[in-house]
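The file upload_17.cif contains mmCIF, C-alpha atoms:
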data_data
#
loop_
_atom_site.label_atom_id
_atom_site.label_comp_id
_atom_site.auth_asym_id
_atom_site.auth_seq_id
_atom_site.Cartn_x
_atom_site.Cartn_y
_atom_site.Cartn_z
CA MET A 1 -21.44 27.63 10.35
CA PRO A 2 -24.69 25.59 10.27
CA LYS A 3 -24.58 22.18 11.92
CA SER A 4 -25.48 20.57 8.59
CA LYS A 5 -22.09 21.63 7.23
CA ARG A 6 -20.06 20.27 10.13
CA ILE A 7 -18.99 16.65 10.06
CA GLY A 8 -16.82 14.43 12.19
CA LEU A 9 -14.37 11.93 10.73
CA VAL A 10 -12.90 9.08 12.74
CA ALA A 11 -9.70 8.35 10.82
CA GLY A 12 -8.03 4.95 10.82
CA TYR A 13 -5.31 3.42 8.66
CA GLY A 14 -4.57 4.15 5.02
CA ALA A 15 -5.26 6.74 2.36
CA PHE A 16 -9.05 6.45 2.48
CA PRO A 17 -9.47 8.89 5.42
CA LEU A 18 -7.28 11.40 3.56
CA GLU A 19 -9.20 11.05 0.31
CA LEU A 20 -12.57 11.20 2.08
CA ALA A 21 -11.57 14.24 4.15
CA GLN A 22 -10.59 16.07 0.98
CA THR A 23 -13.87 15.08 -0.70
CA LEU A 24 -15.83 16.38 2.29
CA LYS A 25 -13.89 19.64 2.19
CA ASN A 26 -14.65 19.95 -1.52
CA ASN A 27 -18.33 19.52 -0.67
CA GLY A 28 -18.20 22.48 1.71
CA TYR A 29 -17.95 20.66 5.02
CA ALA A 30 -15.90 21.70 8.01
CA VAL A 31 -14.14 18.42 8.83
CA HIS A 32 -13.32 17.67 12.46
CA VAL A 33 -11.14 14.59 12.84
CA ALA A 34 -10.56 12.16 15.66
CA ALA A 35 -7.43 10.39 14.40
CA ILE A 36 -6.58 6.95 15.80
CA GLN A 37 -3.01 7.16 17.14
CA GLU A 38 -2.18 3.55 16.32
CA GLU A 39 -3.39 3.79 12.72
CA ALA A 40 -3.96 7.22 11.14
CA SER A 41 -1.54 9.17 8.95
CA LYS A 42 -0.15 12.50 10.14
CA ALA A 43 -1.07 13.83 6.69
CA ILE A 44 -4.66 14.19 7.89
CA GLU A 45 -3.56 17.32 9.76
CA SER A 46 -2.94 19.16 6.48
CA ILE A 47 -6.50 18.51 5.25
CA ALA A 48 -8.90 18.65 8.20
CA ASP A 49 -10.11 21.78 9.97
CA THR A 50 -9.24 20.28 13.35
CA VAL A 51 -7.53 17.07 14.45
CA VAL A 52 -7.42 15.43 17.87
CA TRP A 53 -5.40 12.24 18.30
CA VAL A 54 -7.12 9.49 20.29
CA SER A 55 -5.98 6.01 21.19
CA VAL A 56 -8.02 2.88 20.55
CA GLY A 57 -10.35 2.62 23.54
CA GLN A 58 -10.68 6.37 24.19
CA ILE A 59 -14.35 6.57 23.27
CA LYS A 60 -15.10 9.32 25.80
CA LYS A 61 -12.36 11.53 24.34
CA LEU A 62 -13.74 10.93 20.84
CA ILE A 63 -17.23 11.99 21.96
CA LYS A 64 -15.99 15.06 23.84
CA THR A 65 -13.97 16.10 20.79
CA MET A 66 -17.03 15.99 18.55
CA GLN A 67 -19.19 17.74 21.13
CA SER A 68 -16.64 20.55 21.41
CA HIS A 69 -17.14 21.28 17.70
CA ASP A 70 -20.94 20.89 17.84
CA VAL A 71 -20.72 17.85 15.54
CA THR A 72 -23.80 15.63 15.33
CA GLU A 73 -22.86 13.49 12.31
CA LEU A 74 -19.76 11.33 11.87
CA ILE A 75 -18.15 9.03 9.34
CA PHE A 76 -15.71 6.23 10.13
CA ALA A 77 -12.96 5.83 7.52
CA GLY A 78 -9.93 3.57 7.44
CA LYS A 79 -9.14 0.29 9.11
CA VAL A 80 -8.57 -0.05 12.84
CA GLN A 81 -7.07 -3.47 13.46
CA LYS A 82 -8.80 -5.49 16.15
CA ILE A 83 -5.40 -6.82 17.20
CA HIS A 84 -5.07 -3.63 19.28
CA LEU A 85 -7.58 -5.16 21.71
CA PHE A 86 -4.82 -7.59 22.68
CA ARG A 87 -1.83 -5.22 22.66
CA ASN A 88 -1.49 -2.69 25.48
CA PHE A 89 -5.21 -1.96 25.27
CA LYS A 90 -6.33 0.53 27.93
CA PRO A 91 -10.05 1.22 27.49
CA ASP A 92 -11.75 4.10 29.23
CA LEU A 93 -14.88 3.34 31.25
CA LEU A 94 -17.22 3.77 28.29
CA ALA A 95 -15.12 1.52 26.04
CA ALA A 96 -14.95 -1.09 28.81
CA LYS A 97 -18.75 -0.94 29.10
CA ILE A 98 -19.16 -1.44 25.34
CA LEU A 99 -16.83 -4.46 25.45
CA TYR A 100 -18.64 -5.93 28.46
CA GLN A 101 -22.10 -5.53 26.92
CA ALA A 102 -21.14 -6.80 23.45
CA LYS A 103 -22.54 -10.25 22.73
CA ASP A 104 -19.15 -11.25 21.29
CA LYS A 105 -15.96 -9.64 19.99
CA LYS A 106 -16.88 -9.69 16.30
CA ASP A 107 -16.20 -6.47 14.38
CA ASP A 108 -19.88 -5.70 13.83
CA SER A 109 -20.78 -6.32 17.48
CA LEU A 110 -18.11 -3.91 18.71
CA MET A 111 -18.87 -1.25 16.10
CA LEU A 112 -22.61 -1.39 16.78
CA GLY A 113 -21.83 -0.83 20.46
CA ILE A 114 -19.81 2.28 19.56
CA VAL A 115 -22.57 3.50 17.22
CA ALA A 116 -25.11 3.08 20.04
CA ALA A 117 -22.88 5.00 22.47
CA LEU A 118 -22.59 7.86 19.96
CA ALA A 119 -26.36 7.82 19.40
CA ASP A 120 -26.87 8.22 23.16
CA LYS A 121 -24.97 11.50 22.83
CA GLY A 122 -27.06 12.67 19.88
CA MET A 123 -24.57 11.69 17.15
CA THR A 124 -25.42 9.80 13.97
CA VAL A 125 -22.91 7.68 12.06
CA ARG A 126 -23.29 8.06 8.30
CA SER A 127 -22.44 5.65 5.49
CA GLN A 128 -18.77 5.34 4.47
CA ILE A 129 -19.74 5.20 0.80
CA GLU A 130 -22.16 8.14 0.80
CA PHE A 131 -19.44 10.45 -0.53
CA ALA A 132 -17.39 7.75 -2.26
CA GLY A 133 -18.67 8.48 -5.79
CA ASP A 134 -16.39 6.91 -8.39
CA MET A 135 -14.22 5.38 -5.68
CA LEU A 136 -16.51 2.31 -5.79
CA ALA A 137 -15.29 -0.55 -7.97
CA GLY A 138 -17.12 -1.35 -11.18
CA GLU A 139 -17.63 -4.78 -12.73
CA GLY A 140 -15.26 -6.67 -15.03
CA HIS A 141 -11.59 -6.07 -15.82
CA LEU A 142 -10.55 -2.86 -14.04
CA PHE A 143 -6.76 -2.41 -14.03
CA GLY A 144 -3.57 -4.20 -14.92
CA PRO A 145 -3.21 -6.96 -17.54
CA TYR A 146 -6.30 -8.84 -18.66
CA PRO A 147 -6.82 -11.88 -16.38
CA THR A 148 -5.99 -15.36 -17.61
CA GLU A 149 -8.57 -18.11 -17.78
CA GLN A 150 -7.16 -19.68 -14.60
CA MET A 151 -7.36 -16.37 -12.74
CA LEU A 152 -11.03 -16.03 -13.71
CA LYS A 153 -11.69 -19.63 -12.63
CA ASP A 154 -10.05 -18.97 -9.26
CA ILE A 155 -12.03 -15.75 -8.79
CA LYS A 156 -15.30 -17.50 -9.67
CA PHE A 157 -14.43 -20.36 -7.31
CA GLY A 158 -13.27 -18.11 -4.47
CA PHE A 159 -16.09 -15.57 -4.48
CA PRO A 160 -18.71 -17.74 -2.67
CA GLN A 161 -16.01 -19.05 -0.33
CA ALA A 162 -15.02 -15.51 0.62
CA LYS A 163 -18.67 -14.49 1.07
CA ALA A 164 -19.19 -17.41 3.44
CA ILE A 165 -16.22 -16.41 5.58
CA ALA A 166 -17.35 -12.78 5.53
CA GLY A 167 -20.84 -13.87 6.58
CA LEU A 168 -19.33 -15.41 9.69
CA ASP A 169 -17.55 -12.07 10.39
CA ILE A 170 -14.16 -13.81 10.37
CA GLY A 171 -12.57 -11.82 7.55
CA GLN A 172 -13.28 -10.50 4.07
CA THR A 173 -10.32 -11.87 2.10
CA ILE A 174 -9.19 -15.31 0.97
CA VAL A 175 -6.21 -16.44 -1.11
CA VAL A 176 -6.68 -19.08 -3.83
CA LYS A 177 -4.63 -21.09 -6.33
CA ASP A 178 -5.94 -23.69 -8.77
CA GLU A 179 -9.38 -23.57 -7.12
CA ALA A 180 -8.03 -24.37 -3.67
CA VAL A 181 -8.13 -21.99 -0.68
CA LEU A 182 -4.62 -21.32 0.62
CA ALA A 183 -5.35 -18.72 3.32
CA VAL A 184 -8.26 -17.03 5.05
CA GLU A 185 -8.09 -13.60 6.63
CA ALA A 186 -8.80 -13.47 10.35
CA ILE A 187 -7.75 -11.04 13.07
CA GLU A 188 -4.25 -10.60 11.58
CA GLY A 189 -5.60 -8.58 8.64
CA THR A 190 -5.55 -8.68 4.84
CA ASP A 191 -1.81 -8.24 4.25
CA GLU A 192 -0.82 -11.10 6.54
CA ALA A 193 -3.36 -13.40 4.90
CA ILE A 194 -1.94 -12.48 1.48
CA LYS A 195 1.61 -13.20 2.70
CA ARG A 196 0.63 -16.61 4.09
CA GLY A 197 -1.28 -17.61 0.96
CA GLY A 198 1.47 -16.36 -1.31
CA ALA A 199 4.11 -18.30 0.61
CA LEU A 200 2.13 -21.50 0.14
CA GLY A 201 1.25 -20.93 -3.50
CA LYS A 202 4.68 -19.59 -4.54
CA SER A 203 3.39 -17.92 -7.76
CA ASP A 204 0.27 -17.21 -9.85
CA VAL A 205 -1.84 -16.83 -6.69
CA THR A 206 -5.20 -15.03 -6.68
CA VAL A 207 -6.74 -12.91 -3.91
CA ILE A 208 -10.50 -12.41 -3.45
CA LYS A 209 -11.87 -9.58 -1.31
CA VAL A 210 -15.60 -9.14 -0.65
CA ALA A 211 -18.15 -7.31 1.47
CA LYS A 212 -20.09 -9.07 4.16
CA PRO A 213 -23.45 -10.47 2.94
CA ASN A 214 -25.27 -7.90 5.09
CA GLN A 215 -22.59 -5.22 4.97
CA ASP A 216 -23.31 -2.21 7.17
CA PRO A 217 -22.15 0.74 5.02
CA ARG A 218 -21.26 2.72 8.13
CA PHE A 219 -18.12 0.71 8.86
CA ASP A 220 -15.68 -1.89 7.60
CA VAL A 221 -16.56 -1.44 3.91
CA PRO A 222 -13.84 -3.34 1.98
CA ALA A 223 -11.17 -1.13 0.43
CA MET A 224 -8.10 -1.67 -1.73
CA GLY A 225 -5.12 0.57 -2.26
CA VAL A 226 -1.57 0.53 -3.55
CA GLY A 227 -0.29 -1.14 -0.38
CA THR A 228 -2.38 -4.24 -1.07
CA LEU A 229 -0.89 -4.56 -4.57
CA GLU A 230 2.65 -4.16 -3.25
CA THR A 231 2.06 -6.90 -0.67
CA MET A 232 0.60 -9.12 -3.40
CA ALA A 233 3.56 -8.58 -5.72
CA ALA A 234 6.04 -9.42 -2.95
CA SER A 235 4.05 -12.58 -2.16
CA GLY A 236 3.64 -14.03 -5.66
CA CYS A 237 0.02 -12.99 -6.12
CA THR A 238 -0.88 -11.91 -9.65
CA ALA A 239 -4.63 -11.25 -9.57
CA ILE A 240 -7.31 -9.93 -7.24
CA GLY A 241 -11.07 -10.16 -7.51
CA ILE A 242 -13.02 -7.51 -5.61
CA GLU A 243 -16.75 -7.13 -5.13
CA ALA A 244 -18.19 -4.58 -7.57
CA GLY A 245 -20.28 -1.78 -6.07
CA GLN A 246 -19.09 -2.67 -2.57
CA THR A 247 -15.31 -2.11 -2.61
CA LEU A 248 -13.56 1.24 -2.33
CA LEU A 249 -10.69 1.85 -4.74
CA ILE A 250 -8.27 4.14 -2.94
CA GLU A 251 -6.26 6.60 -5.05
CA LYS A 252 -7.53 5.11 -8.31
CA ASP A 253 -4.91 6.72 -10.56
CA LYS A 254 -2.06 5.35 -8.44
CA LEU A 255 -3.85 2.01 -8.24
CA ALA A 256 -4.09 1.76 -12.03
CA GLU A 257 -0.44 2.71 -12.51
CA THR A 258 0.74 0.28 -9.83
CA ALA A 259 -1.34 -2.61 -11.19
CA LYS A 260 0.21 -2.07 -14.62
CA ARG A 261 3.75 -1.73 -13.22
CA LEU A 262 3.48 -4.82 -11.00
CA ASN A 263 1.59 -6.86 -13.61
CA ILE A 264 -1.39 -7.54 -11.35
CA SER A 265 -4.89 -8.06 -12.75
CA ILE A 266 -7.76 -6.37 -10.88
CA VAL A 267 -11.25 -7.68 -11.58
CA GLY A 268 -14.61 -6.44 -10.28
CA ILE A 269 -16.98 -9.30 -9.48
#
Is it possible to give me this structure as structure tokens?
Amino acid sequence: MPKSKRIGLVAGYGAFPLELAQTLKNNGYAVHVAAIQEEASKAIESIADTVVWVSVGQIKKLIKTMQSHDVTELIFAGKVQKIHLFRNFKPDLLAAKILYQAKDKKDDSLMLGIVAALADKGMTVRSQIEFAGDMLAGEGHLFGPYPTEQMLKDIKFGFPQAKAIAGLDIGQTIVVKDEAVLAVEAIEGTDEAIKRGGALGKSDVTVIKVAKPNQDPRFDVPAMGVGTLETMAASGCTAIGIEAGQTLLIEKDKLAETAKRLNISIVGI
């Protein structure tokens, strides 16, 4: 098979790697997956041509896996929580070098170090949204009940606040009620921020999720799936504003059904 039709997929958490792998297969690619042990779903094995399981920090194994399949282009898909850096993290020598040379431990700094290491081995990382198609959120009311006036006020208020936090590479989600910020996502991840904000707001709480101001489309593109809505519903959150054209909607049909069932408004900003 020509190299142009081989592609590597580094699979993290959630349904996005599964959906993207299937899309790549439908486009005629042989998909070779390096699945992150701490994050990826076993279901990836039923879609990909090959799967090798790697732990966070096994950069050499990832590279050797791709080299063994003559892969020169890769896509990262799915979240890998940075909290793993502080929990039984055992980096190989290359991962340790990337950490040592990084100017800080921000997501972008670490990912750019990995991208550079892959480039040294002749591998290019492609955009996460290149094959996303209609997975990208549109603008306006998307799913669920139409938002109330207060929801729209909170979304309008929270959008620049969330962009500011994202610009500092702290997180991409904030939780708002009555034009006051209740919680900000940091290293703990989106769901935990939603839980904290919901606990403070009790009910009628709004979530805002955005891309970074200079979002690198190769990694960490914001995404939303059914799990986010379920966490919101359990936490008293009734609306979410997401950045249009920048946010991936995972399993859109399920997302629409779940938003309707849980009575959650989804709005593209």
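In terms of minimum interatomic distance to Leu18 (chain A), A:Glu251 ranks closest within A:Glu139, A:Glu243, A:Glu251, A:Asp169, counting all atoms listed in the file.
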**Request:** Counting only C-alpha atoms, select every polymer residue within 10 Å of (-13.9, 10.3, 28.5) as defined in the file's coordinates, and provide the selection as a PyMOL selection string.
**Result:** chain A and resi 57-65+91-95
**Fill in**
Between A:Leu152, A:Leu262, A:Leu182, A:Ala11, smallest distance to Leu200 (chain A) by all atoms listed in the file belongs to A:Leu182
Explicit residues for the PyMOL selection byres ((chain A and resi 225) around 12) (as a PDB file with C-alpha atoms, keeping the file's coordinate frame):
ATOM      1  CA  TYR A  13      -5.310   3.420   8.660  1.00  0.00           C
ATOM      2  CA  GLY A  14      -4.570   4.150   5.020  1.00  0.00           C
ATOM      3  CA  ALA A  15      -5.260   6.740   2.360  1.00  0.00           C
ATOM      4  CA  PHE A  16      -9.050   6.450   2.480  1.00  0.00           C
ATOM      5  CA  GLU A  19      -9.200  11.050   0.310  1.00  0.00           C
ATOM      6  CA  GLY A  78      -9.930   3.570   7.440  1.00  0.00           C
ATOM      7  CA  MET A 135     -14.220   5.380  -5.680  1.00  0.00           C
ATOM      8  CA  ALA A 137     -15.290  -0.550  -7.970  1.00  0.00           C
ATOM      9  CA  THR A 190      -5.550  -8.680   4.840  1.00  0.00           C
ATOM     10  CA  ASP A 191      -1.810  -8.240   4.250  1.00  0.00           C
ATOM     11  CA  PRO A 222     -13.840  -3.340   1.980  1.00  0.00           C
ATOM     12  CA  ALA A 223     -11.170  -1.130   0.430  1.00  0.00           C
ATOM     13  CA  MET A 224      -8.100  -1.670  -1.730  1.00  0.00           C
ATOM     14  CA  VAL A 226      -1.570   0.530  -3.550  1.00  0.00           C
ATOM     15  CA  GLY A 227      -0.290  -1.140  -0.380  1.00  0.00           C
ATOM     16  CA  THR A 228      -2.380  -4.240  -1.070  1.00  0.00           C
ATOM     17  CA  LEU A 229      -0.890  -4.560  -4.570  1.00  0.00           C
ATOM     18  CA  GLU A 230       2.650  -4.160  -3.250  1.00  0.00           C
ATOM     19  CA  THR A 231       2.060  -6.900  -0.670  1.00  0.00           C
ATOM     20  CA  MET A 232       0.600  -9.120  -3.400  1.00  0.00           C
ATOM     21  CA  ILE A 240      -7.310  -9.930  -7.240  1.00  0.00           C
ATOM     22  CA  ILE A 242     -13.020  -7.510  -5.610  1.00  0.00           C
ATOM     23  CA  THR A 247     -15.310  -2.110  -2.610  1.00  0.00           C
ATOM     24  CA  LEU A 248     -13.560   1.240  -2.330  1.00  0.00           C
ATOM     25  CA  LEU A 249     -10.690   1.850  -4.740  1.00  0.00           C
ATOM     26  CA  ILE A 250      -8.270   4.140  -2.940  1.00  0.00           C
ATOM     27  CA  GLU A 251      -6.260   6.600  -5.050  1.00  0.00           C
ATOM     28  CA  LYS A 252      -7.530   5.110  -8.310  1.00  0.00           C
ATOM     29  CA  ASP A 253      -4.910   6.720 -10.560  1.00  0.00           C
ATOM     30  CA  LYS A 254      -2.060   5.350  -8.440  1.00  0.00           C
ATOM     31  CA  LEU A 255      -3.850   2.010  -8.240  1.00  0.00           C
ATOM     32  CA  ALA A 256      -4.090   1.760 -12.030  1.00  0.00           C
ATOM     33  CA  GLU A 257      -0.440   2.710 -12.510  1.00  0.00           C
ATOM     34  CA  THR A 258       0.740   0.280  -9.830  1.00  0.00           C
ATOM     35  CA  ALA A 259      -1.340  -2.610 -11.190  1.00  0.00           C
ATOM     36  CA  ILE A 266      -7.760  -6.370 -10.880  1.00  0.00           C
TER      37      ILE A 266
END
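As for CA of Phe219 (chain A) and CA of Ala164 (chain A), they are spaced 18.9 Å apart.
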**Asked** Which residues, protein or nucleic acid, reach to within 9 Å of (-19.9, -5.9, -1.8) in the file's coordinates when using only C-alpha atoms, and can you give that as an NGL selection string?
**Response** :A and (209-215 or 221-222 or 242-247 or 269)
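In this structure, CA of Phe131 (chain A) sits 19.7 Å away from CA of Ala40 (chain A).
Between CA of Gly268 (chain A) and CA of Gly236 (chain A) lies a distance of 20.3 Å.
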**Explicit residues for the PyMOL selection byres ((chain A and resi 201-203) around 8) (as an MDAnalysis selection string)** = chainID A and resid 177 182 197:200 204:205 235:238
**Prompt:** Where does the PyMOL selection byres ((chain A and resi 184) around 12) land in this file, that is, which residues does it pick, as a PyMOL selection string?
**Reply:** chain A and resi 158+161-166+169-176+180-183+185-198+207-209
**Fill in**
In terms of all atoms listed in the file, the residue from A:Phe76, A:Leu9, A:Val71, A:Phe157 at minimal distance from Ile44 (chain A) is A:Leu9
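Considering the residues A:Thr206, A:Gln81, A:Ser41, A:Val54 and counting all atoms listed in the file, Pro147 (chain A) has its shortest atom-to-atom contact with A:Thr206.
When only C-alpha atoms are used to compute distances to Val80 (chain A), the closest of the residues A:Asp104, A:Glu149, A:Glu39, A:Asp120 turns out to be A:Glu39.
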Atoms are missing here; could region 84-116 of chain A be completed with N, CA and C atoms and written as a short mmCIF file (atom, residue, chain, number, x, y, z; two decimals), in the coordinates of the input?
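Okay, this is what ended up in selection-v7.cif:
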data_model
loop_
_atom_site.label_atom_id
_atom_site.label_comp_id
_atom_site.auth_asym_id
_atom_site.auth_seq_id
_atom_site.Cartn_x
_atom_site.Cartn_y
_atom_site.Cartn_z
N HIS A 84 -5.39 -4.59 18.21
CA HIS A 84 -5.07 -3.63 19.28
C HIS A 84 -5.80 -3.96 20.58
N LEU A 85 -6.88 -4.74 20.50
CA LEU A 85 -7.58 -5.16 21.71
C LEU A 85 -6.71 -6.07 22.57
N PHE A 86 -5.66 -6.63 21.97
CA PHE A 86 -4.82 -7.59 22.68
C PHE A 86 -3.41 -7.07 22.89
N ARG A 87 -3.16 -5.80 22.53
CA ARG A 87 -1.83 -5.22 22.66
C ARG A 87 -1.90 -3.90 23.42
N ASN A 88 -1.54 -3.92 24.67
CA ASN A 88 -1.49 -2.69 25.48
C ASN A 88 -2.79 -1.89 25.41
N PHE A 89 -3.90 -2.60 25.38
CA PHE A 89 -5.21 -1.96 25.27
C PHE A 89 -5.63 -1.42 26.64
N LYS A 90 -5.92 -0.11 26.68
CA LYS A 90 -6.33 0.53 27.93
C LYS A 90 -7.63 1.28 27.69
N PRO A 91 -8.76 0.58 27.76
CA PRO A 91 -10.05 1.22 27.49
C PRO A 91 -10.46 2.18 28.60
N ASP A 92 -11.14 3.26 28.21
CA ASP A 92 -11.75 4.10 29.23
C ASP A 92 -13.02 3.39 29.72
N LEU A 93 -13.72 4.01 30.65
CA LEU A 93 -14.88 3.34 31.25
C LEU A 93 -15.97 3.05 30.23
N LEU A 94 -16.18 3.98 29.30
CA LEU A 94 -17.22 3.77 28.29
C LEU A 94 -16.84 2.64 27.34
N ALA A 95 -15.57 2.60 26.92
CA ALA A 95 -15.12 1.52 26.04
C ALA A 95 -15.21 0.17 26.75
N ALA A 96 -14.86 0.15 28.03
CA ALA A 96 -14.95 -1.09 28.81
C ALA A 96 -16.41 -1.56 28.90
N LYS A 97 -17.32 -0.61 29.04
CA LYS A 97 -18.75 -0.94 29.10
C LYS A 97 -19.22 -1.53 27.78
N ILE A 98 -18.78 -0.94 26.67
CA ILE A 98 -19.16 -1.44 25.34
C ILE A 98 -18.65 -2.87 25.16
N LEU A 99 -17.40 -3.12 25.56
CA LEU A 99 -16.83 -4.46 25.45
C LEU A 99 -17.59 -5.47 26.32
N TYR A 100 -17.95 -5.04 27.52
CA TYR A 100 -18.64 -5.93 28.46
C TYR A 100 -20.04 -6.28 27.95
N GLN A 101 -20.72 -5.31 27.36
CA GLN A 101 -22.10 -5.53 26.92
C GLN A 101 -22.20 -6.18 25.55
N ALA A 102 -21.10 -6.18 24.77
CA ALA A 102 -21.14 -6.80 23.45
C ALA A 102 -21.40 -8.30 23.57
N LYS A 103 -22.20 -8.83 22.66
CA LYS A 103 -22.54 -10.25 22.73
C LYS A 103 -21.33 -11.12 22.39
N ASP A 104 -20.39 -10.56 21.62
CA ASP A 104 -19.15 -11.25 21.29
C ASP A 104 -18.15 -10.18 20.85
N LYS A 105 -17.01 -10.60 20.38
CA LYS A 105 -15.96 -9.64 19.99
C LYS A 105 -15.82 -9.53 18.46
N LYS A 106 -16.88 -9.88 17.74
CA LYS A 106 -16.88 -9.69 16.30
C LYS A 106 -16.85 -8.20 15.98
N ASP A 107 -16.31 -7.87 14.79
CA ASP A 107 -16.20 -6.47 14.38
C ASP A 107 -17.53 -5.74 14.46
N ASP A 108 -18.57 -6.36 13.87
CA ASP A 108 -19.88 -5.70 13.83
C ASP A 108 -20.44 -5.48 15.23
N SER A 109 -20.26 -6.45 16.11
CA SER A 109 -20.78 -6.32 17.48
C SER A 109 -20.14 -5.14 18.20
N LEU A 110 -18.82 -5.01 18.06
CA LEU A 110 -18.11 -3.91 18.71
C LEU A 110 -18.48 -2.56 18.10
N MET A 111 -18.55 -2.51 16.76
CA MET A 111 -18.87 -1.25 16.10
C MET A 111 -20.30 -0.81 16.39
N LEU A 112 -21.23 -1.75 16.45
CA LEU A 112 -22.61 -1.39 16.78
C LEU A 112 -22.70 -0.86 18.20
N GLY A 113 -21.87 -1.37 19.09
CA GLY A 113 -21.83 -0.83 20.46
C GLY A 113 -21.34 0.61 20.47
N ILE A 114 -20.33 0.91 19.66
CA ILE A 114 -19.81 2.28 19.56
C ILE A 114 -20.86 3.19 18.94
N VAL A 115 -21.52 2.71 17.88
CA VAL A 115 -22.57 3.50 17.22
C VAL A 115 -23.69 3.84 18.22
N ALA A 116 -24.06 2.86 19.05
CA ALA A 116 -25.11 3.08 20.04
C ALA A 116 -24.68 4.11 21.09
#
